[in-house]
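Asker: Structure file my_file37.pdb (PDB, C-alpha atoms) is given on the next line.
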ATOM      1  CA  MET C 321     166.586 166.011 125.524
ATOM      2  CA  VAL C 322     164.576 163.062 124.260
ATOM      3  CA  GLN C 323     163.268 165.075 121.321
ATOM      4  CA  TRP C 324     166.821 165.964 120.298
ATOM      5  CA  LEU C 325     168.427 162.582 120.988
ATOM      6  CA  HIS C 326     165.926 160.504 119.038
ATOM      7  CA  LYS C 327     167.117 162.202 115.827
ATOM      8  CA  HIS C 328     170.749 161.424 116.626
ATOM      9  CA  GLU C 329     172.667 158.413 117.855
ATOM     10  CA  GLY C 330     173.287 158.921 121.560
ATOM     11  CA  SER C 331     172.335 157.942 125.081
ATOM     12  CA  LEU C 332     170.582 159.469 128.062
ATOM     13  CA  ALA C 333     171.257 158.524 131.690
ATOM     14  CA  ILE C 334     169.336 160.355 134.409
ATOM     15  CA  LEU C 335     168.415 159.862 138.065
ATOM     16  CA  CYS C 336     164.666 160.264 138.543
ATOM     17  CA  LYS C 337     161.600 158.877 140.254
ATOM     18  CA  SER C 338     160.475 155.502 138.889
ATOM     19  CA  SER C 339     157.116 157.033 137.977
ATOM     20  CA  VAL C 340     158.914 159.721 135.944
ATOM     21  CA  ALA C 341     160.897 157.024 134.122
ATOM     22  CA  ARG C 342     157.606 155.442 133.029
ATOM     23  CA  LYS C 343     156.276 158.831 131.928
ATOM     24  CA  ILE C 344     159.360 159.297 129.747
ATOM     25  CA  LEU C 345     158.798 155.861 128.187
ATOM     26  CA  ASN C 346     155.119 156.729 127.709
ATOM     27  CA  TYR C 347     156.088 159.985 126.021
ATOM     28  CA  ILE C 348     158.557 158.277 123.672
ATOM     29  CA  HIS C 349     155.903 155.687 122.796
ATOM     30  CA  SER C 350     153.080 158.200 122.296
ATOM     31  CA  GLN C 351     155.239 160.395 120.037
ATOM     32  CA  LYS C 352     156.586 157.348 118.154
ATOM     33  CA  LEU C 353     160.155 158.551 118.696
ATOM     34  CA  ASN C 354     163.199 156.443 117.918
ATOM     35  CA  LEU C 355     164.451 154.251 120.783
ATOM     36  CA  ALA C 356     166.947 151.401 120.575
ATOM     37  CA  TYR C 357     167.075 150.288 124.213
ATOM     38  CA  CYS C 358     165.812 151.378 127.619
ATOM     39  CA  ALA C 359     166.753 150.181 131.116
ATOM     40  CA  ASN C 360     165.786 151.182 134.640
ATOM     41  CA  TYR C 361     168.133 150.468 137.570
ATOM     42  CA  LYS C 362     166.508 150.911 140.970
ATOM     43  CA  ILE C 363     168.471 152.872 143.573
ATOM     44  CA  ASP C 364     168.079 153.313 147.316
ATOM     45  CA  ALA C 365     167.074 156.980 147.406
ATOM     46  CA  LYS C 366     166.786 156.922 151.202
ATOM     47  CA  GLN C 367     170.399 155.794 151.622
ATOM     48  CA  TYR C 368     171.975 158.123 149.069
ATOM     49  CA  PHE C 369     169.695 161.180 149.094
ATOM     50  CA  ASP C 370     167.673 160.829 152.315
ATOM     51  CA  ALA C 371     164.538 160.866 150.146
ATOM     52  CA  THR C 372     161.622 158.502 150.748
ATOM     53  CA  VAL C 373     160.769 157.856 147.125
ATOM     54  CA  GLU C 374     160.999 155.056 144.575
ATOM     55  CA  ALA C 375     163.880 156.178 142.350
ATOM     56  CA  CYS C 376     166.079 154.814 139.597
ATOM     57  CA  LEU C 377     168.829 155.426 137.097
ATOM     58  CA  LEU C 378     167.076 155.566 133.737
ATOM     59  CA  PHE C 379     169.170 154.721 130.685
ATOM     60  CA  CYS C 380     167.933 155.248 127.125
ATOM     61  CA  ASN C 381     169.923 154.517 123.965
ATOM     62  CA  PHE C 382     168.708 156.189 120.775
ATOM     63  CA  GLU C 383     169.355 155.030 117.227
ATOM     64  CA  SER C 384     167.715 156.333 114.081
ATOM     65  CA  ASN C 385     164.898 154.232 112.603
ATOM     66  CA  THR C 386     164.765 151.952 115.661
ATOM     67  CA  LYS C 387     161.588 151.825 117.752
ATOM     68  CA  ASN C 388     161.846 149.406 120.679
ATOM     69  CA  TYR C 389     159.261 150.521 123.204
ATOM     70  CA  PHE C 390     160.198 148.468 126.232
ATOM     71  CA  CYS C 391     162.256 148.956 129.385
ATOM     72  CA  ASP C 392     164.239 146.319 131.294
ATOM     73  CA  VAL C 393     163.951 146.896 135.051
ATOM     74  CA  PHE C 394     166.777 145.830 137.364
ATOM     75  CA  SER C 395     166.478 145.765 141.171
ATOM     76  CA  ASN C 396     169.898 147.445 141.558
ATOM     77  CA  LEU C 397     172.992 148.507 139.610
ATOM     78  CA  GLU C 398     174.857 145.223 140.112
ATOM     79  CA  THR C 399     172.298 142.542 139.243
ATOM     80  CA  SER C 400     171.688 141.007 135.833
ATOM     81  CA  ASP C 401     168.189 139.785 136.772
ATOM     82  CA  SER C 402     165.375 141.891 135.375
ATOM     83  CA  TYR C 403     161.801 142.012 134.184
ATOM     84  CA  ARG C 404     160.559 143.885 131.137
ATOM     85  CA  ILE C 405     158.035 146.731 130.987
ATOM     86  CA  GLY C 406     156.415 147.004 127.564
ATOM     87  CA  TYR C 407     153.271 147.690 125.597
ATOM     88  CA  TRP C 408     150.421 145.394 124.647
ATOM     89  CA  ASN C 409     147.617 146.940 122.604
ATOM     90  CA  ASN C 410     148.874 150.370 123.751
ATOM     91  CA  VAL C 411     148.565 149.333 127.416
ATOM     92  CA  LEU C 412     151.736 149.663 129.505
ATOM     93  CA  ILE C 413     152.426 146.281 131.103
ATOM     94  CA  ARG C 414     154.679 145.964 134.148
ATOM     95  CA  ASP C 415     155.926 142.462 133.288
ATOM     96  CA  VAL C 416     155.387 141.576 129.629
ATOM     97  CA  VAL C 417     156.916 138.083 129.901
ATOM     98  CA  THR C 418     154.439 136.984 132.579
ATOM     99  CA  PHE C 419     151.557 138.842 130.943
ATOM    100  CA  GLU C 420     152.085 137.169 127.567
ATOM    101  CA  LYS C 421     151.604 133.766 129.220
ATOM    102  CA  LEU C 422     148.296 134.904 130.728
ATOM    103  CA  GLN C 423     146.988 137.422 128.194
ATOM    104  CA  LYS C 424     143.926 135.255 127.460
ATOM    105  CA  LEU C 425     142.660 136.313 130.893
ATOM    106  CA  TYR C 426     142.697 139.991 129.895
ATOM    107  CA  ASP C 427     139.224 141.325 129.144
ATOM    108  CA  LYS C 428     138.250 144.994 128.979
ATOM    109  CA  GLN C 429     134.575 143.964 128.832
ATOM    110  CA  SER C 430     134.595 141.863 132.008
ATOM    111  CA  LYS C 431     131.075 141.343 133.397
ATOM    112  CA  ILE C 432     132.200 141.729 137.009
ATOM    113  CA  LYS C 433     132.713 145.363 137.938
ATOM    114  CA  TRP C 434     134.889 146.484 140.819
ATOM    115  CA  ARG C 435     133.629 149.612 142.553
ATOM    116  CA  SER C 436     135.239 152.040 144.950
ATOM    117  CA  GLY C 437     133.775 152.783 148.379
ATOM    118  CA  ILE C 438     131.599 155.747 149.276
ATOM    119  CA  LYS C 439     132.909 159.284 148.758
ATOM    120  CA  HIS C 440     131.523 162.014 150.991
ATOM    121  CA  ASP C 441     134.520 164.356 151.615
ATOM    122  CA  CYS C 442     133.334 165.257 155.120
ATOM    123  CA  ALA C 443     134.508 162.627 157.608
ATOM    124  CA  SER C 444     134.061 164.962 160.592
ATOM    125  CA  VAL C 445     130.279 164.968 160.029
ATOM    126  CA  MET C 446     129.528 161.763 158.120
ATOM    127  CA  GLU C 447     131.702 159.295 160.041
ATOM    128  CA  PHE C 448     131.433 158.155 163.664
ATOM    129  CA  ARG C 449     133.088 155.980 166.263
ATOM    130  CA  LYS C 450     131.128 154.102 168.895
ATOM    131  CA  ILE C 451     132.672 154.709 172.317
ATOM    132  CA  ASN C 452     130.979 153.050 175.311
ATOM    133  CA  ASN C 453     127.948 152.538 173.069
ATOM    134  CA  ILE C 454     127.773 156.274 172.281
ATOM    135  CA  LEU C 455     128.199 157.607 168.752
ATOM    136  CA  VAL C 456     130.890 160.282 168.489
ATOM    137  CA  ASN C 457     131.467 162.222 165.276
ATOM    138  CA  GLY C 458     134.787 163.472 163.911
ATOM    139  CA  LEU C 459     134.364 166.725 165.809
ATOM    140  CA  GLY C 460     134.430 164.827 169.100
ATOM    141  CA  GLU C 461     130.736 165.421 169.814
ATOM    142  CA  ALA C 462     128.243 162.804 171.033
ATOM    143  CA  VAL C 463     125.490 162.225 168.478
ATOM    144  CA  ASP C 464     121.949 160.890 168.866
ATOM    145  CA  ILE C 465     120.494 159.817 165.517
ATOM    146  CA  GLU C 466     118.385 156.942 164.204
ATOM    147  CA  GLU C 467     119.947 153.717 162.913
ATOM    148  CA  THR C 468     118.065 154.076 159.615
ATOM    149  CA  TYR C 469     120.876 155.624 157.567
ATOM    150  CA  LEU C 470     123.761 154.475 159.746
ATOM    151  CA  PHE C 471     125.934 151.627 158.444
ATOM    152  CA  PRO C 472     129.069 149.833 159.671
ATOM    153  CA  LEU C 473     132.201 151.272 158.055
ATOM    154  CA  LEU C 474     135.461 149.504 157.216
ATOM    155  CA  LYS C 475     138.411 151.740 156.356
ATOM    156  CA  GLY C 476     141.064 150.611 153.882
ATOM    157  CA  SER C 477     143.517 149.765 156.683
ATOM    158  CA  TYR C 478     140.883 147.523 158.319
ATOM    159  CA  VAL C 479     140.493 145.585 155.062
ATOM    160  CA  ALA C 480     144.245 145.320 154.493
ATOM    161  CA  HIS C 481     144.861 143.992 158.011
ATOM    162  CA  ASN C 482     141.823 141.666 157.888
ATOM    163  CA  LYS C 483     139.956 143.416 160.713
ATOM    164  CA  THR C 484     136.634 142.776 159.017
ATOM    165  CA  LYS C 485     134.406 140.876 161.453
ATOM    166  CA  THR C 486     133.554 143.803 163.714
ATOM    167  CA  THR C 487     133.999 147.559 163.603
ATOM    168  CA  ASP C 488     133.738 150.576 165.879
ATOM    169  CA  ARG C 489     133.239 152.915 162.915
ATOM    170  CA  TYR C 490     130.005 153.943 161.219
ATOM    171  CA  VAL C 491     128.994 156.176 158.339
ATOM    172  CA  LEU C 492     125.859 158.028 157.280
ATOM    173  CA  VAL C 493     124.611 156.814 153.899
ATOM    174  CA  THR C 494     122.094 159.422 152.813
ATOM    175  CA  GLN C 495     121.242 157.996 149.393
ATOM    176  CA  LYS C 496     120.631 154.625 147.754
ATOM    177  CA  PHE C 497     121.800 155.875 144.373
ATOM    178  CA  VAL C 498     123.636 158.941 143.077
ATOM    179  CA  GLY C 499     121.306 161.911 142.724
ATOM    180  CA  GLU C 500     118.503 160.471 144.851
ATOM    181  CA  PRO C 501     116.521 163.239 146.621
ATOM    182  CA  THR C 502     117.305 163.430 150.327
ATOM    183  CA  GLU C 503     114.269 165.336 151.661
ATOM    184  CA  HIS C 504     112.546 162.094 152.677
ATOM    185  CA  ILE C 505     115.096 161.729 155.504
ATOM    186  CA  LYS C 506     113.204 164.557 157.251
ATOM    187  CA  ASN C 507     110.198 162.238 157.739
ATOM    188  CA  SER C 508     111.821 158.806 157.986
ATOM    189  CA  ALA C 509     114.620 159.848 160.373
ATOM    190  CA  PRO C 510     113.947 163.338 161.809
ATOM    191  CA  LYS C 511     116.898 163.265 164.236
ATOM    192  CA  THR C 512     119.248 162.413 161.387
ATOM    193  CA  TRP C 513     117.829 165.250 159.279
ATOM    194  CA  LYS C 514     118.213 167.685 162.162
ATOM    195  CA  TYR C 515     121.813 166.534 162.609
ATOM    196  CA  LEU C 516     122.581 167.057 158.903
ATOM    197  CA  GLU C 517     121.018 170.505 158.963
ATOM    198  CA  LYS C 518     123.032 171.417 162.051
ATOM    199  CA  TYR C 519     126.288 170.623 160.227
ATOM    200  CA  ALA C 520     125.182 171.740 156.768
ATOM    201  CA  GLN C 521     127.891 174.414 156.768
ATOM    202  CA  TYR C 522     130.561 171.679 156.739
ATOM    203  CA  LEU C 523     128.882 169.730 153.961
ATOM    204  CA  ASN C 524     128.261 172.866 151.886
ATOM    205  CA  LYS C 525     131.979 173.702 151.995
ATOM    206  CA  ARG C 526     132.962 170.510 150.167
ATOM    207  CA  LYS C 527     135.139 171.685 147.296
ATOM    208  CA  SER C 528     134.576 168.934 144.734
ATOM    209  CA  LYS C 529     132.409 169.961 141.778
ATOM    210  CA  ILE C 530     130.524 166.667 141.935
ATOM    211  CA  TYR C 531     128.411 168.013 144.816
ATOM    212  CA  LYS C 532     127.245 171.065 142.872
ATOM    213  CA  ASN C 533     123.656 170.935 141.568
ATOM    214  CA  ASN C 534     122.981 167.751 143.546
ATOM    215  CA  PRO C 535     120.602 167.212 146.484
ATOM    216  CA  ASP C 536     121.658 168.435 149.918
ATOM    217  CA  PHE C 537     123.926 166.061 151.842
ATOM    218  CA  SER C 538     124.744 164.054 148.706
ATOM    219  CA  ILE C 539     127.331 161.282 148.554
ATOM    220  CA  PHE C 540     128.952 159.453 145.644
ATOM    221  CA  GLY C 541     130.045 155.912 144.901
ATOM    222  CA  VAL C 542     126.690 154.524 145.998
ATOM    223  CA  GLY C 543     124.275 152.163 144.242
ATOM    224  CA  SER C 544     122.493 148.842 144.655
ATOM    225  CA  TYR C 545     125.926 147.159 144.891
ATOM    226  CA  THR C 546     126.590 149.137 148.104
ATOM    227  CA  PHE C 547     123.855 147.277 149.992
ATOM    228  CA  ALA C 548     124.626 143.706 148.883
ATOM    229  CA  PRO C 549     125.099 141.291 151.825
ATOM    230  CA  TRP C 550     128.397 139.834 150.593
ATOM    231  CA  LYS C 551     131.487 141.528 149.179
ATOM    232  CA  ILE C 552     135.071 140.816 148.217
ATOM    233  CA  ALA C 553     137.219 143.848 149.018
ATOM    234  CA  ILE C 554     140.801 145.051 148.669
ATOM    235  CA  CYS C 555     142.520 148.297 149.686
ATOM    236  CA  GLY C 556     144.141 150.135 146.787
ATOM    237  CA  LEU C 557     146.880 151.730 148.908
ATOM    238  CA  TYR C 558     148.769 148.612 149.955
ATOM    239  CA  LYS C 559     151.454 146.826 147.980
ATOM    240  CA  LYS C 560     150.031 143.317 148.250
ATOM    241  CA  LEU C 561     146.964 141.616 146.851
ATOM    242  CA  TYR C 562     145.023 141.224 150.097
ATOM    243  CA  PHE C 563     141.511 140.145 149.031
ATOM    244  CA  ARG C 564     138.947 139.733 151.829
ATOM    245  CA  VAL C 565     135.488 138.159 151.976
ATOM    246  CA  ILE C 566     133.201 140.443 153.972
ATOM    247  CA  GLY C 567     129.674 139.744 155.144
ATOM    248  CA  LYS C 568     127.217 141.804 157.149
ATOM    249  CA  ILE C 569     128.125 143.388 160.474
ATOM    250  CA  GLU C 570     125.331 143.877 163.008
ATOM    251  CA  GLN C 571     122.878 142.593 160.386
ATOM    252  CA  LYS C 572     123.726 145.459 158.025
ATOM    253  CA  PRO C 573     125.757 145.540 154.811
ATOM    254  CA  VAL C 574     129.271 146.887 155.264
ATOM    255  CA  ILE C 575     130.285 150.211 153.719
ATOM    256  CA  PHE C 576     133.867 151.050 152.664
ATOM    257  CA  ASP C 577     135.755 154.304 152.289
ATOM    258  CA  ASP C 578     136.979 155.321 148.840
ATOM    259  CA  THR C 579     140.423 153.716 149.257
ATOM    260  CA  VAL C 580     138.727 150.309 148.962
ATOM    261  CA  TYR C 581     137.615 148.478 145.816
ATOM    262  CA  PHE C 582     134.998 145.747 146.011
ATOM    263  CA  ILE C 583     132.623 143.478 144.116
ATOM    264  CA  SER C 584     129.211 142.559 145.505
ATOM    265  CA  PHE C 585     127.316 139.285 145.797
ATOM    266  CA  ASP C 586     123.926 138.099 146.982
ATOM    267  CA  ASP C 587     124.980 134.434 147.191
ATOM    268  CA  GLU C 588     127.447 133.226 149.844
ATOM    269  CA  LYS C 589     128.577 130.197 147.806
ATOM    270  CA  ILE C 590     129.409 132.351 144.786
ATOM    271  CA  VAL C 591     131.382 134.840 146.859
ATOM    272  CA  TYR C 592     133.638 132.108 148.250
ATOM    273  CA  LYS C 593     134.101 130.480 144.841
ATOM    274  CA  THR C 594     135.085 133.852 143.397
ATOM    275  CA  PHE C 595     137.441 134.443 146.327
ATOM    276  CA  GLU C 596     139.102 131.104 145.586
ATOM    277  CA  LEU C 597     139.722 132.227 142.006
ATOM    278  CA  LEU C 598     141.042 135.662 142.982
ATOM    279  CA  THR C 599     143.492 134.245 145.515
ATOM    280  CA  SER C 600     144.884 131.633 143.107
ATOM    281  CA  SER C 601     148.525 131.932 142.067
ATOM    282  CA  ILE C 602     147.443 132.500 138.450
ATOM    283  CA  ALA C 603     145.262 135.485 139.371
ATOM    284  CA  LYS C 604     148.069 136.962 141.479
ATOM    285  CA  ASP C 605     150.553 136.541 138.624
ATOM    286  CA  PHE C 606     148.114 138.167 136.191
ATOM    287  CA  TYR C 607     147.455 141.186 138.386
ATOM    288  CA  SER C 608     151.116 141.534 139.374
ATOM    289  CA  SER C 609     152.079 141.731 135.704
ATOM    290  CA  LEU C 610     149.880 144.846 135.404
ATOM    291  CA  ILE C 611     150.385 146.617 138.738
ATOM    292  CA  PHE C 612     153.193 149.127 139.237
ATOM    293  CA  TRP C 613     153.803 148.635 142.942
ATOM    294  CA  ASP C 614     155.777 151.848 143.427
ATOM    295  CA  GLU C 615     152.729 154.033 142.759
ATOM    296  CA  LYS C 616     150.932 155.763 145.632
ATOM    297  CA  ARG C 617     147.741 153.782 144.905
ATOM    298  CA  PRO C 618     149.082 150.775 143.011
ATOM    299  CA  ILE C 619     145.849 148.757 142.917
ATOM    300  CA  LYS C 620     143.202 150.382 140.739
ATOM    301  CA  SER C 621     139.690 149.363 139.695
ATOM    302  CA  SER C 622     140.759 149.742 136.042
ATOM    303  CA  ILE C 623     143.295 146.945 136.591
ATOM    304  CA  LEU C 624     141.051 144.729 138.742
ATOM    305  CA  ASN C 625     138.300 144.932 136.112
ATOM    306  CA  ASN C 626     140.561 143.529 133.385
ATOM    307  CA  LEU C 627     140.494 139.951 134.708
ATOM    308  CA  ASN C 628     138.041 137.556 133.066
ATOM    309  CA  LEU C 629     137.061 135.290 135.953
ATOM    310  CA  ILE C 630     135.354 132.750 133.699
ATOM    311  CA  ALA C 631     138.521 132.339 131.617
ATOM    312  CA  LEU C 632     140.532 132.130 134.859
ATOM    313  CA  GLY C 633     138.319 129.325 136.169
ATOM    314  CA  GLU C 634     138.676 127.394 132.905
ATOM    315  CA  LEU C 635     142.458 127.789 132.949
ATOM    316  CA  ILE C 636     142.703 126.537 136.549
ATOM    317  CA  VAL C 637     140.560 123.481 135.708
ATOM    318  CA  THR C 638     142.738 122.738 132.659
ATOM    319  CA  GLN C 639     145.952 122.983 134.690
ATOM    320  CA  ASP C 640     144.532 120.741 137.426
ATOM    321  CA  GLN C 641     143.603 118.122 134.816
ATOM    322  CA  HIS C 642     147.135 118.172 133.389
ATOM    323  CA  LYS C 643     148.581 117.638 136.865
ATOM    324  CA  LYS C 644     146.426 114.548 137.321
TER     325      LYS C 644
END
Any chance you could give the structure as structure tokens?
Answerer:
Amino acid sequence: MVQWLHKHEGSLAILCKSSVARKILNYIHSQKLNLAYCANYKIDAKQYFDATVEACLLFCNFESNTKNYFCDVFSNLETSDSYRIGYWNNVLIRDVVTFEKLQKLYDKQSKIKWRSGIKHDCASVMEFRKINNILVNGLGEAVDIEETYLFPLLKGSYVAHNKTKTTDRYVLVTQKFVGEPTEHIKNSAPKTWKYLEKYAQYLNKRKSKIYKNNPDFSIFGVGSYTFAPWKIAICGLYKKLYFRVIGKIEQKPVIFDDTVYFISFDDEKIVYKTFELLTSSIAKDFYSSLIFWDEKRPIKSSILNNLNLIALGELIVTQDQHKK
């Protein structure tokens, strides 16, 4: 329909998921099709269609030789208040008006790198709960292994709800970096090696291609940053910017699951200074201008990594000076 309409003068109105509306806008932009105006009116899909999904009425008006690649988003069909989705350097921005005020903070080459938590794809074997001081794996079996490769685990929900001082969950971290040989576990922690061998059938059934041609019992999303004593973390699944400062638990660095993004620090003072920057109203406005909150995992490392913290600090200092 879009391909036909962009060559003629006409309009399209369609009920669809909000994510589909953005894909249509992305398609029009990528194909450099004609577009005069685009608007997105949010609807309550639960009320009208008994569907738990972010949905909208998408309206597109096409005129020949007109290329306006933006979309005004309204919270309902009656309101006149809106924000504008648009493009900046071929990046789709959720709120272009706010972003334009803060675009100096955008940096694709930011020195601070957000990472995701460990990926192992076998929680029944690799994750444990401590019940009455006894380790129990995901299969409900009591486990006796060394502490050597066992680390405190915080799930994404724990981070989001700020349950970060203690944990009853633990995870086996078999490598210090991706691709590290694992045979040494046999000597350094024989009970752990015996446990891994016992459940090798579960680990060998992991479907992801990333485990092929890698050492036995491999994990991913692991590196020197995993074992830093201090971290700032956020869960990617929640619809708010809940940053948390997290230190060691039981004298060991905390490990996260792969729904969590984090940056690592060796210095406690630096971690709290960085946290102060990230929780500032300017940082929240910057990130909110980029994040599409209706997505299943709205917060992504690719978005978090775009903030230049040095530029943010300078901007906050400048604003404070003007207030004085």
Asker: Hey, could you pull the box centre and edge lengths for stretch 477-483 of chain C, axis-aligned, 5 Å padding per side, all listed atoms, to one decimal in Å, as AutoDock Vina command-line options?
Answerer:
--center_x 142.4 --center_y 145.7 --center_z 157.6 --size_x 14.9 --size_y 18.1 --size_z 16.2
Asker: Written as a PyMOL selection string, what is the full residue list that the PyMOL selection byres ((chain C and resi 575) around 7) yields on the file shown?
Answerer: chain C and resi 437+471-474+546+573-574+576-577
Asker: In Å, rounded to a single decimal, give me how far atom CA of C:Glu615 is from atom CA of C:Phe582.
Answerer: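 Atom CA of C:Phe582 sits 19.8 Å away from atom CA of C:Glu615.
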Asker: Please report the interatomic distance between atom CA of C:Phe585 and atom CA of C:Tyr545 in Å with one decimal.
Answerer: 8.0 Å
Asker: With only C-alpha atoms as the counted atoms, please give the residues lying no more than 10 Å from C:Arg617, apart from itself and same-chain residues fewer than 2 positions off, as a PyMOL selection string.
Answerer: chain C and resi 555-559+579+611-615+619-620
Asker: For the structure provided, state which residues fall under the PyMOL selection byres ((chain C and resi 374) around 8), and present them as JSON, numbers by chain.
Answerer: {"C": [337, 338, 339, 362, 363, 364, 365, 372, 373, 375, 376, 614]}
Asker: May I have the selected residues written with C-alpha atoms, as a tab-separated table (two decimals), in the frame of the given file?
Answerer:
chain	number	residue	atom	x	y	z
C	337	LYS	CA	161.60	158.88	140.25
C	338	SER	CA	160.48	155.50	138.89
C	339	SER	CA	157.12	157.03	137.98
C	362	LYS	CA	166.51	150.91	140.97
C	363	ILE	CA	168.47	152.87	143.57
C	364	ASP	CA	168.08	153.31	147.32
C	365	ALA	CA	167.07	156.98	147.41
C	372	THR	CA	161.62	158.50	150.75
C	373	VAL	CA	160.77	157.86	147.12
C	375	ALA	CA	163.88	156.18	142.35
C	376	CYS	CA	166.08	154.81	139.60
C	614	ASP	CA	155.78	151.85	143.43
Asker: Run through the PyMOL selection byres ((chain C and resi 413) around 9) on the given coordinates and return the selected residues as a PyMOL selection string.
Answerer: chain C and resi 404-408+411-412+414-416+419+609-612
Asker: What is the atom CA of C:Asp464-atom CA of C:Thr512 distance in Å, reported with one decimal?
Answerer: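 Spanning atom CA of C:Asp464 to atom CA of C:Thr512 is a straight-line distance of 8.1 Å.
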Asker: Within 9 Å of (127.4, 142.0, 153.1), in the coordinates the file gives, what residues turn up when you count all atoms listed in the file, written out as a PyMOL selection string?
Answerer: chain C and resi 546-551+566-569+571-575+584-586
